[in-house]
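Participant: entry-v3.cif is the file, holding mmCIF, C-alpha atoms:
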data_run
#
loop_
_atom_site.label_atom_id
_atom_site.label_comp_id
_atom_site.auth_asym_id
_atom_site.auth_seq_id
_atom_site.Cartn_x
_atom_site.Cartn_y
_atom_site.Cartn_z
CA MET A 1 32.73 -9.75 3.05
CA ASP A 2 31.93 -11.78 -0.07
CA GLN A 3 30.12 -10.31 -3.05
CA THR A 4 26.87 -12.19 -2.47
CA LEU A 5 26.54 -11.00 1.13
CA ALA A 6 27.30 -7.43 0.06
CA MET A 7 24.54 -7.61 -2.56
CA VAL A 8 22.08 -9.09 -0.07
CA ILE A 9 22.76 -6.25 2.36
CA ALA A 10 22.39 -3.69 -0.44
CA VAL A 11 19.07 -5.15 -1.60
CA VAL A 12 17.73 -5.31 1.98
CA VAL A 13 18.67 -1.66 2.52
CA ILE A 14 16.96 -0.65 -0.74
CA ALA A 15 13.89 -2.68 0.25
CA LEU A 16 13.71 -0.76 3.52
CA ILE A 17 14.09 2.51 1.59
CA PHE A 18 11.08 1.40 -0.49
CA ASP A 19 9.24 0.66 2.76
CA TYR A 20 10.07 4.15 3.99
CA THR A 21 8.80 5.73 0.74
CA ASN A 22 5.71 3.56 1.07
CA GLY A 23 5.15 5.10 4.50
CA PHE A 24 5.32 8.74 3.45
CA HIS A 25 3.57 8.01 0.14
CA ASP A 26 0.66 6.27 1.88
CA ALA A 27 0.50 8.26 5.12
CA ALA A 28 -2.51 10.03 3.68
CA ASN A 29 -4.39 6.75 3.37
CA ALA A 30 -4.92 6.44 7.10
CA ILE A 31 -5.26 10.01 8.28
CA ALA A 32 -6.18 12.43 5.47
CA THR A 33 -9.90 12.20 6.19
CA SER A 34 -9.41 12.74 9.93
CA ILE A 35 -7.21 15.78 9.33
CA SER A 36 -9.50 17.26 6.69
CA THR A 37 -12.49 17.03 9.05
CA ARG A 38 -10.32 18.38 11.91
CA ALA A 39 -10.94 15.27 13.99
CA LEU A 40 -7.17 15.09 14.60
CA THR A 41 -4.31 17.55 14.31
CA PRO A 42 -1.71 16.60 11.68
CA ARG A 43 1.12 15.76 14.12
CA ILE A 44 -1.06 13.72 16.46
CA ALA A 45 -2.55 11.88 13.50
CA LEU A 46 0.88 11.14 12.03
CA ALA A 47 2.26 9.93 15.37
CA MET A 48 -0.73 7.65 15.90
CA ALA A 49 -0.51 6.30 12.36
CA ALA A 50 3.22 5.62 12.70
CA VAL A 51 2.83 3.67 15.95
CA LEU A 52 -0.09 1.63 14.64
CA ASN A 53 1.70 0.97 11.34
CA PHE A 54 4.44 -0.68 13.39
CA VAL A 55 1.94 -2.66 15.46
CA GLY A 56 0.11 -3.77 12.32
CA ALA A 57 3.35 -5.08 10.87
CA MET A 58 3.62 -7.49 13.81
CA LEU A 59 0.21 -9.08 13.22
CA GLY A 60 0.85 -11.50 10.36
CA VAL A 61 2.98 -12.69 7.45
CA GLY A 62 0.38 -14.07 5.03
CA VAL A 63 0.64 -11.14 2.62
CA ALA A 64 4.46 -11.38 2.74
CA LYS A 65 4.20 -15.02 1.63
CA THR A 66 2.02 -14.00 -1.31
CA ILE A 67 4.49 -11.32 -2.44
CA GLN A 68 7.32 -13.81 -2.09
CA GLY A 69 5.43 -16.25 -4.31
CA ILE A 70 4.80 -13.94 -7.29
CA ILE A 71 7.99 -15.14 -8.98
CA ASP A 72 9.97 -18.35 -8.53
CA ILE A 73 13.45 -16.98 -7.96
CA ASP A 74 14.92 -20.48 -8.19
CA THR A 75 14.07 -20.54 -11.91
CA ALA A 76 16.21 -17.47 -12.69
CA PRO A 77 18.27 -18.61 -15.70
CA GLY A 78 21.49 -16.77 -14.81
CA GLU A 79 24.47 -18.12 -12.94
CA GLY A 80 24.80 -17.70 -9.20
CA SER A 81 23.15 -15.66 -6.50
CA ALA A 82 24.28 -12.31 -7.93
CA HIS A 83 21.96 -12.69 -10.91
CA ALA A 84 18.95 -13.60 -8.74
CA LEU A 85 19.66 -10.63 -6.48
CA THR A 86 19.85 -8.35 -9.53
CA ILE A 87 16.27 -9.36 -10.33
CA VAL A 88 15.07 -8.35 -6.85
CA LEU A 89 17.06 -5.11 -7.04
CA ALA A 90 15.49 -4.20 -10.40
CA ALA A 91 12.01 -4.87 -8.98
CA LEU A 92 12.65 -2.47 -6.10
CA VAL A 93 14.03 0.27 -8.35
CA GLY A 94 10.91 0.05 -10.51
CA ALA A 95 8.64 0.37 -7.47
CA ILE A 96 10.58 3.20 -5.83
CA THR A 97 10.75 5.20 -9.07
CA TRP A 98 6.98 5.05 -9.57
CA ASN A 99 6.37 5.86 -5.90
CA LEU A 100 8.50 8.99 -6.09
CA LEU A 101 6.94 10.17 -9.36
CA THR A 102 3.37 9.82 -8.11
CA TRP A 103 4.29 11.35 -4.75
CA TYR A 104 5.84 14.37 -6.47
CA PHE A 105 2.70 15.00 -8.53
CA GLY A 106 0.40 14.29 -5.56
CA ILE A 107 -1.26 11.27 -7.19
CA PRO A 108 -2.51 8.63 -4.73
CA SER A 109 -1.35 5.60 -6.71
CA SER A 110 -0.67 2.22 -5.14
CA SER A 111 2.73 1.45 -3.61
CA SER A 112 1.60 -2.17 -3.42
CA HIS A 113 0.91 -2.44 -7.12
CA ALA A 114 4.12 -0.54 -7.91
CA LEU A 115 6.01 -3.23 -6.01
CA ILE A 116 4.06 -6.04 -7.67
CA GLY A 117 4.62 -4.45 -11.07
CA GLY A 118 8.33 -4.17 -10.34
CA ILE A 119 8.56 -7.84 -9.40
CA VAL A 120 6.66 -8.96 -12.51
CA GLY A 121 8.67 -6.67 -14.81
CA ALA A 122 12.00 -7.88 -13.47
CA GLY A 123 10.78 -11.47 -13.63
CA LEU A 124 9.70 -11.21 -17.24
CA ALA A 125 12.87 -9.37 -18.30
CA SER A 126 15.05 -12.05 -16.72
CA ALA A 127 12.94 -14.97 -18.03
CA THR A 128 12.21 -15.99 -14.43
CA THR A 129 8.96 -17.89 -13.89
CA VAL A 130 6.07 -15.59 -12.96
CA GLU A 131 3.37 -17.41 -11.01
CA TRP A 132 0.37 -16.20 -13.00
CA ASP A 133 -2.11 -18.22 -10.93
CA THR A 134 -0.97 -16.26 -7.87
CA MET A 135 -1.18 -13.01 -9.84
CA VAL A 136 -4.78 -13.71 -10.85
CA GLU A 137 -6.08 -15.14 -7.55
CA LYS A 138 -4.16 -13.02 -5.06
CA VAL A 139 -3.56 -9.79 -7.00
CA ALA A 140 -5.87 -9.18 -9.97
CA ILE A 141 -9.18 -10.32 -8.44
CA PRO A 142 -8.62 -8.58 -5.06
CA MET A 143 -7.36 -5.49 -6.93
CA ILE A 144 -10.79 -5.21 -8.58
CA LEU A 145 -12.81 -6.29 -5.55
CA SER A 146 -11.25 -4.03 -2.91
CA PRO A 147 -12.20 -0.64 -4.45
CA LEU A 148 -15.66 -1.94 -5.34
CA LEU A 149 -16.20 -3.12 -1.77
CA GLY A 150 -14.77 0.17 -0.49
CA PHE A 151 -17.17 2.27 -2.58
CA LEU A 152 -20.26 0.17 -1.95
CA GLY A 153 -19.55 -0.41 1.75
CA ALA A 154 -18.96 3.27 2.50
CA PHE A 155 -22.06 4.26 0.53
CA LEU A 156 -24.21 1.81 2.51
CA ILE A 157 -22.72 2.72 5.90
CA MET A 158 -23.15 6.43 5.25
CA THR A 159 -26.71 5.86 4.05
CA ALA A 160 -27.43 4.01 7.30
CA ILE A 161 -25.85 6.82 9.36
CA MET A 162 -28.00 9.41 7.57
CA TRP A 163 -31.16 7.39 8.29
CA ILE A 164 -30.33 6.59 11.93
CA PHE A 165 -29.44 10.21 12.78
CA ARG A 166 -31.99 11.87 10.51
CA ARG A 167 -33.76 13.60 13.44
CA ALA A 168 -30.64 14.32 15.51
CA ASN A 169 -28.99 17.70 15.91
CA PRO A 170 -26.48 18.00 13.02
CA LEU A 171 -23.86 19.79 15.15
CA ARG A 172 -24.04 17.15 17.87
CA VAL A 173 -23.80 14.34 15.28
CA SER A 174 -20.80 15.98 13.66
CA ARG A 175 -19.08 16.38 17.03
CA GLY A 176 -19.73 12.75 17.93
CA PHE A 177 -18.37 11.40 14.66
CA ARG A 178 -15.33 13.65 14.95
CA HIS A 179 -14.46 11.69 18.10
CA ALA A 180 -15.38 8.39 16.41
CA GLN A 181 -12.93 9.20 13.63
CA THR A 182 -10.08 8.82 16.11
CA VAL A 183 -11.03 5.13 16.34
CA SER A 184 -11.63 4.66 12.62
CA ALA A 185 -8.35 6.38 11.72
CA ALA A 186 -6.54 4.13 14.20
CA ALA A 187 -8.15 1.07 12.61
CA MET A 188 -7.10 2.30 9.18
CA SER A 189 -3.51 2.84 10.35
CA LEU A 190 -3.37 -0.67 11.80
CA GLY A 191 -4.69 -2.10 8.53
CA HIS A 192 -2.10 -0.13 6.57
CA GLY A 193 0.70 -1.66 8.62
CA LEU A 194 -0.83 -5.11 8.36
CA GLN A 195 -0.94 -4.84 4.58
CA ASP A 196 1.95 -2.69 3.39
CA ALA A 197 4.77 -3.57 5.79
CA GLN A 198 4.30 -7.23 4.89
CA LYS A 199 4.95 -6.50 1.24
CA THR A 200 8.46 -5.32 2.04
CA MET A 201 8.95 -8.37 4.25
CA GLY A 202 8.16 -10.56 1.25
CA VAL A 203 10.76 -8.83 -0.92
CA ILE A 204 13.44 -9.07 1.77
CA VAL A 205 12.80 -12.79 2.18
CA LEU A 206 12.97 -13.10 -1.61
CA ALA A 207 16.42 -11.47 -1.48
CA LEU A 208 17.55 -13.76 1.34
CA VAL A 209 16.43 -16.81 -0.67
CA ALA A 210 18.20 -15.48 -3.77
CA GLY A 211 21.40 -15.05 -1.77
CA GLY A 212 21.15 -18.47 -0.18
CA TYR A 213 20.62 -17.10 3.34
CA ALA A 214 17.05 -18.42 3.83
CA ASP A 215 14.81 -21.19 2.55
CA GLY A 216 11.74 -18.98 2.33
CA ASP A 217 9.62 -21.04 4.72
CA ASP A 218 9.54 -18.39 7.46
CA VAL A 219 9.84 -14.63 7.83
CA PRO A 220 12.65 -13.89 10.33
CA LEU A 221 11.73 -11.71 13.30
CA TRP A 222 14.39 -9.12 12.41
CA VAL A 223 12.79 -8.72 8.97
CA ILE A 224 9.37 -8.09 10.54
CA PHE A 225 10.83 -5.58 13.00
CA ALA A 226 12.88 -3.76 10.33
CA ALA A 227 9.95 -3.49 7.89
CA GLY A 228 7.61 -2.25 10.62
CA THR A 229 10.13 0.37 11.75
CA ALA A 230 10.82 1.63 8.21
CA ILE A 231 7.16 2.11 7.30
CA ALA A 232 6.45 3.77 10.66
CA LEU A 233 9.27 6.28 10.17
CA GLY A 234 8.11 6.97 6.62
CA THR A 235 4.55 7.54 7.79
CA TYR A 236 5.65 10.01 10.46
CA SER A 237 7.58 12.01 7.88
CA GLY A 238 4.21 12.62 6.21
CA GLY A 239 2.84 12.76 2.69
CA TRP A 240 1.30 16.20 2.47
CA ARG A 241 0.83 16.38 -1.30
CA ILE A 242 -1.27 13.22 -1.47
CA MET A 243 -3.01 14.07 1.81
CA ARG A 244 -4.39 17.20 0.16
CA THR A 245 -5.74 15.17 -2.78
CA LEU A 246 -7.50 12.59 -0.60
CA GLY A 247 -8.71 15.03 2.03
CA ARG A 248 -10.00 17.90 -0.08
CA ARG A 249 -9.77 17.53 -3.83
CA ILE A 250 -12.03 14.47 -4.23
CA ILE A 251 -14.77 15.82 -1.95
CA ASP A 252 -15.04 18.09 1.09
CA LEU A 253 -15.66 15.51 3.79
CA ASP A 254 -17.60 15.95 7.02
CA PRO A 255 -16.91 13.75 10.09
CA PRO A 256 -19.70 11.18 9.48
CA ARG A 257 -18.52 10.62 5.91
CA GLY A 258 -14.91 10.47 7.03
CA PHE A 259 -15.84 7.83 9.62
CA ALA A 260 -17.80 5.78 7.06
CA ALA A 261 -14.89 5.84 4.61
CA GLU A 262 -12.25 4.89 7.18
CA ALA A 263 -14.32 2.17 8.86
CA THR A 264 -15.13 0.57 5.51
CA ALA A 265 -11.57 0.73 4.20
CA ALA A 266 -10.13 -0.75 7.40
CA THR A 267 -12.60 -3.64 7.25
CA VAL A 268 -11.68 -4.41 3.65
CA LEU A 269 -7.95 -4.32 4.45
CA TYR A 270 -8.32 -6.71 7.40
CA GLY A 271 -10.50 -9.10 5.42
CA MET A 272 -8.13 -9.23 2.46
CA ALA A 273 -4.99 -9.63 4.61
CA ILE A 274 -6.30 -12.18 7.10
CA GLY A 275 -8.91 -13.98 5.02
CA LEU A 276 -7.33 -14.09 1.55
CA GLN A 277 -3.69 -13.14 2.28
CA ALA A 278 -4.08 -10.78 -0.67
CA PRO A 279 -1.81 -7.71 -1.05
CA VAL A 280 -4.49 -5.14 -1.84
CA SER A 281 -3.88 -1.43 -2.18
CA THR A 282 -4.66 0.73 0.83
CA THR A 283 -4.72 3.70 -1.55
CA HIS A 284 -7.33 2.17 -3.87
CA THR A 285 -9.45 1.06 -0.94
CA ILE A 286 -9.60 4.34 0.99
CA THR A 287 -9.97 6.47 -2.13
CA SER A 288 -12.94 4.43 -3.38
CA ALA A 289 -14.45 4.51 0.12
CA ILE A 290 -14.15 8.31 0.19
CA MET A 291 -15.94 8.43 -3.16
CA GLY A 292 -18.65 6.10 -1.88
CA SER A 293 -19.33 8.06 1.29
CA GLY A 294 -19.24 11.31 -0.63
CA ALA A 295 -21.69 10.07 -3.24
CA THR A 296 -24.43 9.89 -0.58
CA LYS A 297 -24.50 13.68 -0.53
CA ARG A 298 -25.15 13.65 -4.26
CA PHE A 299 -23.17 12.07 -7.05
CA SER A 300 -22.17 15.46 -8.40
CA ALA A 301 -20.55 16.29 -5.04
CA VAL A 302 -17.67 13.97 -5.90
CA ARG A 303 -15.13 15.67 -8.16
CA TRP A 304 -15.15 12.92 -10.75
CA GLY A 305 -12.53 14.66 -12.87
CA VAL A 306 -10.00 14.25 -10.06
CA ALA A 307 -11.25 10.72 -9.46
CA LYS A 308 -10.79 9.89 -13.15
CA GLY A 309 -7.14 10.97 -13.00
CA ILE A 310 -6.60 8.76 -9.97
CA VAL A 311 -8.18 5.76 -11.71
CA VAL A 312 -5.91 6.28 -14.72
CA ALA A 313 -2.92 6.19 -12.34
CA TRP A 314 -4.25 2.95 -10.87
CA ILE A 315 -4.44 1.36 -14.31
CA ILE A 316 -0.94 2.29 -15.42
CA THR A 317 0.86 1.65 -12.11
CA ILE A 318 1.68 -2.05 -12.63
CA PRO A 319 2.82 -1.74 -16.27
CA ALA A 320 4.74 1.48 -15.55
CA ALA A 321 6.63 0.02 -12.59
CA ALA A 322 7.17 -3.20 -14.55
CA SER A 323 8.71 -1.25 -17.44
CA VAL A 324 11.11 0.63 -15.17
CA ALA A 325 12.09 -2.63 -13.47
CA ALA A 326 12.73 -4.33 -16.82
CA VAL A 327 14.94 -1.47 -18.03
CA THR A 328 16.78 -1.46 -14.69
CA TYR A 329 17.40 -5.19 -14.99
CA PHE A 330 18.93 -4.88 -18.47
CA VAL A 331 21.11 -1.95 -17.39
CA ALA A 332 22.21 -3.76 -14.23
CA ARG A 333 23.21 -6.82 -16.24
CA ILE A 334 25.71 -4.65 -18.12
CA PHE A 335 27.47 -3.48 -14.96
CA LEU A 336 26.90 -6.34 -12.54
CA PRO A 337 28.24 -9.88 -12.96
#
Any chance you could put this one into structure tokens?

Facilitator:
Amino acid sequence: MDQTLAMVIAVVVIALIFDYTNGFHDAANAIATSISTRALTPRIALAMAAVLNFVGAMLGVGVAKTIQGIIDIDTAPGEGSAHALTIVLAALVGAITWNLLTWYFGIPSSSSHALIGGIVGAGLASATTVEWDTMVEKVAIPMILSPLLGFLGAFLIMTAIMWIFRRANPLRVSRGFRHAQTVSAAAMSLGHGLQDAQKTMGVIVLALVAGGYADGDDVPLWVIFAAGTAIALGTYSGGWRIMRTLGRRIIDLDPPRGFAAEATAATVLYGMAIGLQAPVSTTHTITSAIMGSGATKRFSAVRWGVAKGIVVAWIITIPAAASVAAVTYFVARIFLP
């Protein structure tokens, strides 16, 4: 086995490890509200989310193409494929490190933006061309829009639910929306797979292009299958620390508010993935939707102190992951050819 092939295999394996960490880091995104309202038991919710994560991964490659286009790996100034693969490796290390840190402390930060930050950091450190137009149009603008749409959409949907069912029996309404949450949680799980599995696909294709094993025009079927499997397994392993933050610490959700949050977040994820091919954060979207649905009770019902800490994590995710990736790149250049 030559050195380039060995490095490609290593980078692909590490990319799938990132995908796995993405799964257990973001498991809470799809099912925390359903578990907290007791619409679903934890194991049933996790199994459903894992299966639908895999199905979602099969539904498109537009987001993968966007991730692949953040940097132009062909402009890497080093010699040979090994240097280009080192850049991709450093990007993944930056993303995985930030994922593990935020998972450990129970902070629902964005795996997507950790990966994007890692790619940008490694690109800048290696003097590889970063496609800033793509970063602005496909990353920065959707990054701002998705939580705003999540908050406003959930607030409006929950307001409509409160008006429509204003004369209904509260216990009967709660029971009905507990069943409806099974559907909204399923939609959220499908959207999570559609968004997040594709991001790993994009990195794997980037590695294959760097190694000279692909031209980047298509996403091979084995890459789609492997990424879908990795994120599904990660999701089933659970993310209990973050699940507690989303499900209880921001606001104590009831079934109607859980349904409003999930339905809104799923809609935003589908729209961004299919309409704009934008790699938005499932974490940002569902968290803002939870805040929006909760704010209909009264604004003080949302624990804004917890929310503030989450927003701070959002802001520092890309630069933090980029910094780790840059340091990893410089260290790797010492030991790798």

Participant: Residues picked by the PyMOL selection byres ((chain A and resi 112-114) around 6) here, as JSON, numbers by chain?

Facilitator: {"A": [95, 110, 111, 115, 116, 117, 281, 317, 318, 321]}

Participant: Using all atoms listed in the file, which residue out of A:Leu152, A:Ala326, A:Ala232, A:Val223 lies closest to Thr264 in chain A?

Facilitator: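 Checking each of A:Leu152, A:Ala326, A:Ala232, A:Val223 against Thr264 in chain A, counting all atoms listed in the file, the winner is A:Leu152.
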
Participant: Can you work out which one of A:Gly118, A:Gly228, A:Gly56, A:Gly275 has the shortest atom-to-atom distance to His192 in chain A, counting only C-alpha atoms?

Facilitator: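 Of A:Gly118, A:Gly228, A:Gly56, A:Gly275, the one nearest His192 in chain A, counting only C-alpha atoms, is A:Gly56.
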
Participant: What residues come out when you apply the PyMOL selection byres ((chain A and resi 202) around 10) to this file, written as an MDAnalysis selection string?

Facilitator: chainID A and resid 15 61:70 197:201 203:208 216 219 223:224 227

Participant: What do you get, as a list in words, if you spell out every residue that the PyMOL selection byres ((chain A and resi 49) around 7) selects here?

Facilitator: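 So the PyMOL selection byres ((chain A and resi 49) around 7), applied here, picks out Ala30, Ala45, Leu46, Ala47, Met48, Ala50, Val51, Leu52, Asn53, Ala186, Ser189 and Thr235 of chain A.
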
Participant: May I have the selected residues written with C-alpha atoms, as a PDB file, in the frame of the given file?

Facilitator:
ATOM      1  CA  ALA A  30      -4.920   6.440   7.100  1.00  0.00           C
ATOM      2  CA  ALA A  45      -2.550  11.880  13.500  1.00  0.00           C
ATOM      3  CA  LEU A  46       0.880  11.140  12.030  1.00  0.00           C
ATOM      4  CA  ALA A  47       2.260   9.930  15.370  1.00  0.00           C
ATOM      5  CA  MET A  48      -0.730   7.650  15.900  1.00  0.00           C
ATOM      6  CA  ALA A  50       3.220   5.620  12.700  1.00  0.00           C
ATOM      7  CA  VAL A  51       2.830   3.670  15.950  1.00  0.00           C
ATOM      8  CA  LEU A  52      -0.090   1.630  14.640  1.00  0.00           C
ATOM      9  CA  ASN A  53       1.700   0.970  11.340  1.00  0.00           C
ATOM     10  CA  ALA A 186      -6.540   4.130  14.200  1.00  0.00           C
ATOM     11  CA  SER A 189      -3.510   2.840  10.350  1.00  0.00           C
ATOM     12  CA  THR A 235       4.550   7.540   7.790  1.00  0.00           C
TER      13      THR A 235
END

Participant: Which residue is closest to Leu145 in chain A? Choose from A:Leu276, A:Ala168, A:Val88, A:Val55 and count only C-alpha atoms.

Facilitator: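 Under the stated criterion, the closest residue is A:Leu276.
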
Participant: Which is closest to Pro256 in chain A among A:Arg298, A:Arg333, A:Lys138, A:Arg172, if we use all atoms listed in the file?

Facilitator: A:Arg172

Participant: Enter the distance from CA of Met7 in chain A to CA of Val209 in chain A, in Å, rounded to one decimal.

Facilitator: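 If I compute the distance from CA of Met7 in chain A to CA of Val209 in chain A, I get 12.4 Å.
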
Participant: From the set A:Ile161, A:Gly193, A:Ser146, A:Pro42, which residue has the shortest atom-to-atom contact distance to Phe225 in chain A, counting all atoms listed in the file?

Facilitator: A:Gly193

Participant: Counting all atoms listed in the file, figure out which residue out of A:Ala295, A:Met188, A:Leu269, A:Ile71 gets nearest to Met135 in chain A.

Facilitator: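 Once distances to Met135 in chain A are computed over all atoms listed in the file, the minimum belongs to A:Ile71.
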
Participant: Report, in Å with one decimal, the straight-line distance from CA of Phe24 in chain A to CA of Val280 in chain A.

Facilitator: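 Calculated distance between CA of Phe24 in chain A and CA of Val280 in chain A is 17.8 Å.
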
Participant: Centre and edge lengths of an axis-aligned box around all listed atoms of range 311-326 of chain A, with 8 Å added on each side, are to be given in Å to one decimal, as JSON.

Facilitator:
{"center_x": 2.3, "center_y": 1.0, "center_z": -14.2, "size_x": 36.9, "size_y": 26.6, "size_z": 22.6}

Participant: Compile the contact shell of Ala187 in chain A as a VMD selection string: residues with an atom at most 8 Å away, counting only C-alpha atoms, same-chain residues fewer than 6 positions apart removed.

Facilitator: chain A and resid 262 to 263 266

Participant: Suppose you want the space between CA of Pro220 in chain A and CA of Asp2 in chain A; what is it in Å?

Facilitator: 22.0 Å
